[in-house]
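See below for the structure under consideration.
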Amino acid sequence: MSHTETTDDDNQPEEGENSLFQVESEIERTRSERYRQWFETWVLASCRIAWGDWRIRVGSAILIAYILMGTVGVLLTDPPTIGEGTRFIGPFESWQFPLGTDNVGRGIMAQIVHATPWMLQMVLAGAVFSTILAVAVGTVSGYKRGTVDSVLMTITDIAMTIPGLPLVIVLSVLLQPRNPLVIGIVLAINAWAGLARSIRSQVLTLREESYIEASRTIGVPTFIIIREDILPNLMPYVVVNFIQAGRNVIFASVALYFLGLLPTSGPNWGVMMNRAYTTAGALYTAETAYWLIFPMVTVILLVLGLILFAQGTDRLFNPRVRARHAGEGKGMKATTGDDEDTTQGMF
Amino acid sequence: MVSRIIRRLAQAILTVYVVVTLTFGMIRLMPGGPMDYLRGQLIQSTGGQVSTQQINQLVEAYTNVNPDQPLWSQYIDYVIEIASGDFGRSVVYNDPVSQILAQALPWTLLLMVTSLFLMFVVGVGLGAVMAYHEGERVDLGGTLAGILLNSIPYYVAGILLVYVLGYQLEWFPTGGRMTQSTVVGFNYPFIAGVFHHAALPIVSLVITGFGGWALSMRGNSIRILGEDYLRVAELRGLPSRRISLWYVGRNAILPMYTGLLINIGFIFGGSVILEQIFRYPGVGYYLYTSIGARDYPLMMGGFLVITITVAIGVFIADVTYGYIDPRAGGEGNESY
């Protein structure tokens, strides 16, 4: 990219005498135009269409609220400290602790807010890790075929069959990870396999398309073909699965913290649920149930936001569903066009 | 078809083999792994009176790994022992791990297979109804309910169910897997008790899980409704019942097969959390207990047993898939 900037218009006169550089600058310019066009078609247009879908509107509102909570919210609320309030203040009873306090007087609200950045980091790490790995394995496997393909797909199938949660539990007990990024990656340890599979089958059909065959015939390097021609076509799958991977990381992490299987460090929604469940008997006494309910609602809302967003983007990207509904004048009502790619989040 | 079954069988065996290797690696090579912990525990319990050699013998009895031997020979011994069904000894229960897990496995299977089956049936049925009434109130309501229920983690639903139906209303038991006084066998009180105990875990999985299947089925059906072959079928004057079952239904279910395969692993993995919340002594329950007690042999065994079960489940699903989709016999690699 830095190369593109140096050969921009203002540098051109100095190198003008050398015709070779001029040729190059022309190529660079068309490329930057291509990036702009890519941005136009994939980002701007998508945003415009997306805004018409209620699921995207609600989903992104929820997600933005969580991001704000994890950034601005952390600055606005004081970190929870032991004994800052009386024990077990009920929710909506005091201005200082809107959601009440726990058994050592810490504000529930402050705990939820201060756990957010940590959770978001972990979710992002897991989603990024599994998506990148899946795209790499899927495209290489589908494009290269032959031995590379069968070796990679055997590995993928094995990774898909190994039940992730027990593996993660055993690993986390042995490794005791504390860094949110590491935990996110451990939790996503076999989440990539399903996406890699569906990307591979996409690439298998794509590579036979005439324009890609043309690129191959004129000798465009494989890496460029994959980056320029194949990856943009895979974006729908990648986006939806990125979100699904994030959802799975949330489900798994909260569960493991709730059961006390991951080492606790700092405020955490799952740890809150665990403490409410084990120390306050929140399950048996209605008076302390709020301590358990609020983190639960926090988790459910975040997942709901992610699912709505994923469903919306799937609708947006899926050309078959889009084509069927184009011109019917039905507008953007609830329509889901799931493909193999979204099924992995069913459970 | 036959070559496909053989290839899938080879793959299932390869999966199990990889996981056996993985557990060996975790026992032997992980920093702070089970070996050192177990050795420390044994030295403590014997009061430091025994020699290193004896300690190593004890360690071998528990983990099937003898630290005296070179690494490669430890590994070969370990694989052979696991293959012959010897998973070592549980430190806490002081019974063979295989014996503990073998009596727990049927109960986990009962929970998980029933849940998976119900989830699939309810989801596919609802999804088909929603697709048939596309755009109507049933469809919108179903979509909303599906999305909402799908965003609730199954263990959260489980906690709420235990709270309301178990502790508050006392309609369902809050733990165990059968009624105390009943005799095991084919008699009504026993079977009724078993289902009474299994009901809440199954319900919590099904109500949070069917939404995804329904949305998936709905999407697939709607897509197929626009296909050309359906128009041809209509023009041929085929009865609508035949069209909806054989043309739409069958083709809409096919892509969901991938989801089924992935979910077998997911759902059996989830048994760790679910069985803990409902205090249901299945494989997952023992896996959890073993972690609390640092009973590494039982922990590794539990992980292995769950993986083997999933590998078998995936294999069975794969073989039966050939009956739903005749095309699978040809290029079977695409089916996953």
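Chain labels A, B, ... are given in the sequence in which chains occur in the structure tokens; within each chain residues are numbered consecutively from 1, and ligands are likewise numbered from 1 in the order shown.
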Check every residue of chain B for an atom within 7 Å of chain A, counting only C-alpha atoms, and provide those that qualify as a ChimeraX atom specification. /B:15,32-33,140,148,151-153,163,167,209,212-213,215-216,219-220,223,226,255-256,258-259,262-263,265-266,269-270,303,307,310-311
Which neighbours of Val182 of chain A fall inside 8 Å, counting only C-alpha atoms, when residues of the same chain fewer than 4 positions from it are skipped, and could you give them as a list in words?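 Listed by chain and then number, they are Met122, Ala125, Pro177, Arg178 and Val186 of chain A.
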Dump of N, CA and C atoms for the selected residues, as a compact mmCIF listing (two decimals), in the first residue's frame:
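Wrote it out as part16.txt, contents follow:
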# COMPACT_ATOMS: atom_id res chain seq x y z
N MET A 122 -11.65 -10.80 23.92
CA MET A 122 -11.60 -12.25 23.79
C MET A 122 -12.40 -12.71 22.58
N ALA A 125 -10.59 -11.76 19.38
CA ALA A 125 -9.42 -12.61 19.14
C ALA A 125 -9.84 -13.96 18.58
N PRO A 177 -4.74 -20.29 31.01
CA PRO A 177 -4.52 -19.01 30.33
C PRO A 177 -5.24 -17.86 31.06
N ARG A 178 -4.62 -16.68 31.07
CA ARG A 178 -5.24 -15.53 31.70
C ARG A 178 -5.43 -14.38 30.74
N VAL A 186 -7.87 -20.04 22.24
CA VAL A 186 -8.07 -21.42 22.71
C VAL A 186 -9.52 -21.84 22.52
Taking 3 positions as the minimum chain separation for residues in the same chain, which residues sit within 12 Å of segment 136-145 of chain A when counting only C-alpha atoms? Answer as a VMD selection string. (chain A and resid 129 to 133 148 to 156 192 to 208 212 to 213 216 222 to 223 225 to 227 229 to 234 237 to 238) or (chain B and resid 334)
Skipping near chain neighbours, those fewer than 5 positions away, what residues fall within 12 Å of segment 84-88 of chain B using only C-alpha atoms, listed as a compact mmCIF listing (two decimals) with C-alpha atoms, in the first residue's frame?
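As a result, part.txt now contains:
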# COMPACT_ATOMS: atom_id res chain seq x y z
CA VAL B 20 -5.24 -40.43 21.62
CA THR B 23 -4.01 -36.84 25.19
CA PHE B 24 -0.62 -38.52 25.36
CA LEU B 58 2.18 -46.15 40.50
CA VAL B 59 2.11 -43.29 38.00
CA GLU B 60 2.08 -45.86 35.23
CA ALA B 61 -0.85 -47.70 36.79
CA TYR B 62 -2.85 -44.47 36.79
CA THR B 63 -1.94 -42.86 33.47
CA ASN B 64 -0.67 -45.76 31.35
CA VAL B 65 2.54 -43.79 30.88
CA ASN B 66 5.80 -45.06 32.35
CA ASP B 77 2.59 -48.49 25.09
CA TYR B 78 0.01 -45.78 25.68
CA VAL B 79 -1.66 -46.28 22.29
CA TYR B 93 -12.73 -43.19 42.80
CA ASN B 94 -9.82 -45.64 42.69
CA ASP B 95 -11.63 -47.60 39.97
CA PRO B 96 -10.59 -48.16 36.38
CA VAL B 97 -11.53 -45.07 34.35
CA SER B 98 -13.08 -47.23 31.63
CA GLN B 99 -15.43 -48.82 34.17
CA ILE B 100 -16.61 -45.46 35.57
CA LEU B 101 -17.21 -43.98 32.14
CA ALA B 102 -18.82 -47.09 30.67
CA ASP B 295 -8.15 -36.40 38.76
CA TYR B 296 -6.18 -36.22 35.53
CA PRO B 297 -6.60 -39.86 34.40
CA LEU B 298 -10.40 -39.57 34.64
CA MET B 299 -10.29 -36.18 32.93
CA MET B 300 -8.29 -37.47 29.97
CA GLY B 301 -10.51 -40.55 29.81
CA GLY B 302 -13.67 -38.47 29.77
CA PHE B 303 -12.32 -36.35 26.94
CA LEU B 304 -11.37 -39.47 24.99
CA VAL B 305 -14.74 -41.15 25.51
CA ILE B 308 -14.89 -41.51 20.43
Quick one: distance from atom CA of Gly166 of chain B to atom CA of Gln111 of chain A in Å, one decimal? 29.3 Å
Could you list, as JSON, numbers by chain, every residue within 7 Å of segment 53-57 of chain B, counting only C-alpha atoms and ignoring same-chain residues fewer than 5 positions away? {"B": [39, 42, 66, 67]}
Report the distance between atom CA of Leu235 of chain B and atom CA of Ala214 of chain B in Å, rounded to one decimal place.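 Atom-to-atom, atom CA of Leu235 of chain B to atom CA of Ala214 of chain B, that is 29.0 Å.
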